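Colleague: Quick one: the structure is below, and I'll ask about it shortly.
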Amino acid sequence: MELNVLLFASWSDALGPNVTVHVPAVATVRDVLEAVLARAGGLALPTPLVAVNHRYAKPESPVRAGDEVALIPPVAGG
Amino acid sequence: MELNVLLFASWSDALGPNVTVHVPAVATVRDVLEAVLARAGGLALPTPLVAVNHRYAKPESPVRAGDEVALIPPVAGG
Amino acid sequence: MRTAIVEHVLDPAALLDEVASTDSGASTLFVGTVRRVNEGRDVTGIDYSAYGPMAESEMGMIAAEAEKRFGTSRIVVEHRLGTLTLGEASIIIAVSHPRRAPAIEAQRFLIEEIKKRVPVWKREHYADGTREWVEPTAGVVAGGAA
Amino acid sequence: MRTAIVEHVLDPAALLDEVASTDSGASTLFVGTVRRVNEGRDVTGIDYSAYGPMAESEMGMIAAEAEKRFGTSRIVVEHRLGTLTLGEASIIIAVSHPRRAPAIEAQRFLIEEIKKRVPVWKREHYADGTREWVEPTAGVVAGGAA
């Protein structure tokens, strides 16, 4: 399936505010992350976490069509 | 010597804002405290600390003529 | 660094401004207020009184200890005396520091030491018309028995 | 309980009023501010940005955890976004509680969890004209190597 992934901070600077990636129909967070990393080419970017529908998700969590998926680079709020 | 001792809170309610006591010329905080306690008769009052010149003082600390001596009942500031 | 016993209404925003600095990454404010219920009794107000010169001196020493311990002189404490009604602030502690952890730890240190050491007393007024000194750590001496 | 991502100047006194209650014996305020120096570099300002809906949701969850853990719903958090200059407040956390210890502990819990979990990013502007994302816990992935 095609999946739109939101990007922020240095990732957004490098690749734009979102990218569309192809992942298996039965995909996991890990699949999505690998697909986005492949897009990043040789760029040095900080390791992100992944959020699915506004919650942090584990690498083995499923991702389904229609989920809101985002890469979360190291946060620095407060 | 005669010594004026400042009182506060429940001690001041019971005995007034200060009492004058007689203590030996070479006196300690313990001597002063005992003299004031004797003045309190059979009243139930909370155990005080003693301050000499605005600092908490130990029972064995000396008290000299001209020192500002005060009984400090349990504090409840803040 | 400034500590004071005052008899006016405390102003949290002013004290926060007083400690603020562009060298600080964090400021904290502690506000002690008069609570409606204490140990199951209905409180209507509190009289705060102090041994003034010693209270000033003790508060100054505590702030100096906090400065040494936590590495900031941006500390302001005001303790109010007089009759306070429900919800009014009796004490405000303002601290600012380059880093957040010591800004919070200094706040805690200051309020705990002040509660233990500063000669301030409170007499609570209750809904039933009675008044009582609050003596949190009190043992009772039989007068004359010592 | 209220948490919000906002784009206006934060008002500490208003947030303190919002949590205040005659059931409270203590209120605390934590104010995070833009510091002039970070890791030895001269900072002139910070851009704060967020993943808005997730930041709101995560802040709400953290406040709910604090309520459960410390037993007070009198918690207000506002995090500001946009370009802030030196000394301006990026976050204010206000808590009030019947007792002082949990009022202070809840404050600390809230700021630590927010710093760890809420998707907000800052880009510092330096005196030499450069700008950089602040990535406190960053490892670096070689893109494409995974």
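Convention: chains lettered A, B, ... in structure tokens order; per-chain residue numbering from 1; ligands numbered from 1 as shown.
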I'd like to know which residues of chain D are strand (DSSP E or B) (by DSSP, run on the backbone); could you write them as a ChimeraX atom specification?
Modeller: /D:2-6,26-33,37-38,41-50,75-80,82-85,89-97,120-126,131-133,140-142
Colleague: Least-squares superpose chain B on chain A across all ordered C-alpha pairs, then write out what you get as a tab-separated table (two decimals) with C-alpha atoms, in the first residue's frame.
Modeller:
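File result.tsv, as written:
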chain	number	residue	atom	x	y	z
B	1	MET	CA	-0.03	0.05	-0.01
B	2	GLU	CA	0.95	3.69	-0.29
B	3	LEU	CA	1.37	5.49	3.00
B	4	ASN	CA	1.87	9.14	3.73
B	5	VAL	CA	4.35	9.78	6.58
B	6	LEU	CA	4.61	13.10	8.41
B	7	LEU	CA	8.09	14.52	9.08
B	8	PHE	CA	9.28	17.17	11.51
B	9	ALA	CA	12.29	19.27	12.48
B	10	SER	CA	15.53	18.18	10.77
B	11	TRP	CA	13.72	15.39	8.90
B	12	SER	CA	11.25	17.89	7.50
B	13	ASP	CA	14.12	20.22	6.52
B	14	ALA	CA	15.78	17.37	4.63
B	15	LEU	CA	12.81	15.64	2.99
B	16	GLY	CA	9.85	18.03	3.29
B	17	PRO	CA	6.89	17.90	5.68
B	18	ASN	CA	5.79	14.46	4.45
B	19	VAL	CA	6.81	11.60	2.16
B	20	THR	CA	4.77	8.86	0.52
B	21	VAL	CA	6.25	5.37	0.76
B	22	HIS	CA	5.28	1.92	-0.50
B	23	VAL	CA	4.97	-0.78	2.16
B	24	PRO	CA	3.48	-4.32	2.22
B	25	ALA	CA	-0.33	-4.52	2.65
B	26	VAL	CA	0.31	-6.12	6.06
B	27	ALA	CA	2.94	-3.70	7.30
B	28	THR	CA	4.62	-2.89	10.60
B	29	VAL	CA	6.12	0.29	11.99
B	30	ARG	CA	9.53	-1.21	11.16
B	31	ASP	CA	8.58	-1.53	7.48
B	32	VAL	CA	7.50	2.11	7.36
B	33	LEU	CA	10.64	3.32	9.11
B	34	GLU	CA	12.90	1.38	6.74
B	35	ALA	CA	11.06	2.75	3.72
B	36	VAL	CA	11.50	6.33	4.93
B	37	LEU	CA	15.15	5.77	5.86
B	38	ALA	CA	15.78	4.48	2.33
B	39	ARG	CA	14.38	7.77	1.06
B	40	ALA	CA	16.86	9.73	3.23
B	41	GLY	CA	19.76	8.52	1.07
B	42	GLY	CA	23.14	9.30	2.63
B	43	LEU	CA	21.85	12.08	4.90
B	44	ALA	CA	22.88	12.08	8.56
B	45	LEU	CA	19.62	12.53	10.45
B	46	PRO	CA	18.79	11.83	14.10
B	47	THR	CA	17.17	8.50	14.90
B	48	PRO	CA	13.39	8.99	15.07
B	49	LEU	CA	10.60	7.22	16.89
B	50	VAL	CA	7.38	6.47	15.03
B	51	ALA	CA	3.87	7.56	16.04
B	52	VAL	CA	0.71	5.92	14.72
B	53	ASN	CA	-2.51	7.88	15.22
B	54	HIS	CA	-0.79	10.27	17.68
B	55	ARG	CA	0.66	7.52	19.90
B	56	TYR	CA	4.22	6.24	20.04
B	57	ALA	CA	4.32	2.81	18.38
B	58	LYS	CA	6.72	-0.15	18.71
B	59	PRO	CA	8.63	-1.49	15.67
B	60	GLU	CA	6.39	-4.58	15.57
B	61	SER	CA	3.10	-2.64	15.75
B	62	PRO	CA	0.85	-2.97	12.68
B	63	VAL	CA	0.25	-0.06	10.33
B	64	ARG	CA	-2.99	-0.01	8.34
B	65	ALA	CA	-4.22	2.04	5.41
B	66	GLY	CA	-5.67	5.29	6.73
B	67	ASP	CA	-3.45	5.39	9.85
B	68	GLU	CA	-1.78	8.73	10.52
B	69	VAL	CA	1.90	7.87	10.68
B	70	ALA	CA	4.64	10.29	11.74
B	71	LEU	CA	8.40	10.15	12.32
B	72	ILE	CA	9.26	11.77	15.65
B	73	PRO	CA	12.87	13.01	15.84
B	74	PRO	CA	14.32	13.55	19.35
B	75	VAL	CA	11.95	15.95	21.10
B	76	ALA	CA	13.09	19.11	22.85
B	77	GLY	CA	10.01	20.74	24.28
B	78	GLY	CA	9.45	22.48	27.58
Colleague: Kindly provide, as a ChimeraX atom specification, the residues of chain C having any atom no farther than 10 Å from an atom of chain D, counting only C-alpha atoms.
Modeller: /C:11-14,16,20-38,85-101,103-105,107-108,111-112
Colleague: Could you save the residues just selected, with N, CA and C atoms, as a compact mmCIF listing (two decimals), in the first residue's frame?
Modeller:
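Wrote it out as result_32.txt, contents follow:
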# COMPACT_ATOMS: atom_id res chain seq x y z
N ASP C 11 2.45 39.22 45.91
CA ASP C 11 2.23 39.37 44.47
C ASP C 11 3.12 38.38 43.70
N PRO C 12 2.57 37.22 43.34
CA PRO C 12 3.40 36.18 42.71
C PRO C 12 4.09 36.66 41.43
N ALA C 13 3.39 37.41 40.59
CA ALA C 13 3.98 37.82 39.31
C ALA C 13 5.18 38.74 39.55
N ALA C 14 5.08 39.61 40.56
CA ALA C 14 6.19 40.53 40.85
C ALA C 14 7.42 39.76 41.34
N LEU C 16 8.16 36.61 40.70
CA LEU C 16 8.67 35.86 39.55
C LEU C 16 9.53 36.77 38.67
N ALA C 20 13.68 36.60 37.63
CA ALA C 20 13.88 36.25 36.22
C ALA C 20 15.19 36.79 35.69
N SER C 21 15.74 36.10 34.70
CA SER C 21 17.01 36.48 34.10
C SER C 21 17.15 35.76 32.78
N THR C 22 17.83 36.37 31.83
CA THR C 22 18.08 35.66 30.57
C THR C 22 19.17 34.60 30.74
N ASP C 23 19.79 34.53 31.92
CA ASP C 23 20.70 33.41 32.21
C ASP C 23 19.95 32.19 32.73
N SER C 24 18.66 32.34 32.99
CA SER C 24 17.87 31.25 33.59
C SER C 24 17.14 30.46 32.52
N GLY C 25 17.11 29.15 32.71
CA GLY C 25 16.28 28.31 31.86
C GLY C 25 14.99 27.92 32.55
N ALA C 26 14.92 28.14 33.86
CA ALA C 26 13.74 27.73 34.61
C ALA C 26 13.53 28.63 35.83
N SER C 27 12.29 28.96 36.07
CA SER C 27 11.92 29.65 37.31
C SER C 27 10.82 28.85 37.97
N THR C 28 10.86 28.81 39.29
CA THR C 28 9.79 28.12 40.02
C THR C 28 9.22 29.06 41.07
N LEU C 29 7.95 28.82 41.34
CA LEU C 29 7.25 29.61 42.35
C LEU C 29 6.54 28.64 43.27
N PHE C 30 6.71 28.81 44.57
CA PHE C 30 5.93 28.06 45.55
C PHE C 30 5.04 29.05 46.28
N VAL C 31 3.75 28.75 46.34
CA VAL C 31 2.81 29.64 47.02
C VAL C 31 2.07 28.84 48.08
N GLY C 32 2.26 29.20 49.34
CA GLY C 32 1.52 28.56 50.43
C GLY C 32 0.24 29.35 50.68
N THR C 33 -0.88 28.65 50.75
CA THR C 33 -2.17 29.36 50.88
C THR C 33 -2.99 28.82 52.03
N VAL C 34 -3.91 29.64 52.50
CA VAL C 34 -4.77 29.25 53.63
C VAL C 34 -5.85 28.31 53.12
N ARG C 35 -5.88 27.13 53.71
CA ARG C 35 -6.73 26.04 53.28
C ARG C 35 -7.99 25.98 54.13
N ARG C 36 -9.10 25.62 53.49
CA ARG C 36 -10.41 25.61 54.12
C ARG C 36 -10.56 24.55 55.20
N VAL C 37 -9.82 23.45 55.03
CA VAL C 37 -9.95 22.36 56.00
C VAL C 37 -8.57 21.97 56.50
N ASN C 38 -8.39 21.89 57.81
CA ASN C 38 -7.14 21.39 58.35
C ASN C 38 -7.45 20.36 59.43
N THR C 85 -7.35 35.45 55.04
CA THR C 85 -8.59 34.71 54.79
C THR C 85 -8.31 33.54 53.86
N LEU C 86 -9.31 32.70 53.67
CA LEU C 86 -9.17 31.49 52.85
C LEU C 86 -8.60 31.81 51.46
N GLY C 87 -7.65 30.99 51.05
CA GLY C 87 -7.08 31.12 49.72
C GLY C 87 -5.96 32.14 49.61
N GLU C 88 -5.80 32.99 50.62
CA GLU C 88 -4.73 34.00 50.55
C GLU C 88 -3.36 33.35 50.75
N ALA C 89 -2.35 33.96 50.13
CA ALA C 89 -0.99 33.43 50.19
C ALA C 89 -0.26 33.92 51.44
N SER C 90 0.29 32.98 52.21
CA SER C 90 1.08 33.32 53.39
C SER C 90 2.56 33.38 53.06
N ILE C 91 2.98 32.63 52.05
CA ILE C 91 4.40 32.65 51.68
C ILE C 91 4.53 32.45 50.18
N ILE C 92 5.49 33.14 49.60
CA ILE C 92 5.87 32.88 48.21
C ILE C 92 7.38 32.75 48.14
N ILE C 93 7.81 31.68 47.47
CA ILE C 93 9.23 31.42 47.24
C ILE C 93 9.45 31.42 45.74
N ALA C 94 10.31 32.28 45.26
CA ALA C 94 10.63 32.32 43.83
C ALA C 94 12.11 32.02 43.64
N VAL C 95 12.40 31.14 42.69
CA VAL C 95 13.79 30.75 42.41
C VAL C 95 13.97 30.72 40.90
N SER C 96 15.08 31.22 40.41
CA SER C 96 15.38 30.90 39.02
C SER C 96 16.82 30.44 38.90
N HIS C 97 17.06 29.62 37.88
CA HIS C 97 18.33 28.89 37.76
C HIS C 97 18.55 28.58 36.29
N PRO C 98 19.82 28.49 35.85
CA PRO C 98 20.04 28.06 34.47
C PRO C 98 19.35 26.73 34.14
N ARG C 99 19.32 25.78 35.10
CA ARG C 99 18.77 24.44 34.83
C ARG C 99 17.55 24.13 35.70
N ARG C 100 16.68 23.28 35.17
CA ARG C 100 15.40 23.08 35.85
C ARG C 100 15.50 22.27 37.15
N ALA C 101 16.35 21.24 37.19
CA ALA C 101 16.37 20.38 38.37
C ALA C 101 16.70 21.19 39.64
N ALA C 103 16.37 24.34 40.11
CA ALA C 103 15.31 25.34 40.36
C ALA C 103 14.19 24.72 41.18
N ILE C 104 13.90 23.45 40.92
CA ILE C 104 12.84 22.74 41.66
C ILE C 104 13.36 22.29 43.03
N GLU C 105 14.59 21.78 43.05
CA GLU C 105 15.14 21.27 44.32
C GLU C 105 15.35 22.41 45.33
N GLN C 107 13.60 25.13 45.55
CA GLN C 107 12.26 25.49 46.01
C GLN C 107 11.85 24.58 47.18
N ARG C 108 12.07 23.30 46.98
CA ARG C 108 11.68 22.32 48.00
C ARG C 108 12.49 22.51 49.28
N ILE C 111 11.27 25.71 51.25
CA ILE C 111 10.01 25.62 52.00
C ILE C 111 10.15 24.66 53.20
N GLU C 112 10.89 23.55 53.01
CA GLU C 112 11.03 22.60 54.13
C GLU C 112 11.82 23.23 55.27
Colleague: Determine, counting only C-alpha atoms, which protein, DNA and RNA residues have an atom within 10 Å of an atom of C:Glu113; residues of the same chain fewer than 6 positions away are not included. Present the result as a PyMOL selection string.
Modeller: (chain B and resi 78) or (chain C and resi 58-59+62-63+65-66)
Colleague: Which residues are close to stretch 5-8 of chain D, i.e. within 7 Å by only C-alpha atoms, leaving aside same-chain residues fewer than 4 positions away? Reply as a PyMOL selection string.
Modeller: chain D and resi 56+78-82
Colleague: Could you write those residues out with C-alpha atoms, as a PDB file, in the first residue's frame?
Modeller:
ATOM      1  CA  GLU D  56      -1.969  18.025  22.658  1.00  0.00           C
ATOM      2  CA  GLU D  78       0.490  25.703  28.496  1.00  0.00           C
ATOM      3  CA  HIS D  79       3.277  25.195  25.965  1.00  0.00           C
ATOM      4  CA  ARG D  80       3.974  28.048  23.606  1.00  0.00           C
ATOM      5  CA  LEU D  81       5.049  27.682  19.952  1.00  0.00           C
ATOM      6  CA  GLY D  82       6.582  30.212  17.566  1.00  0.00           C
TER       7      GLY D  82
END
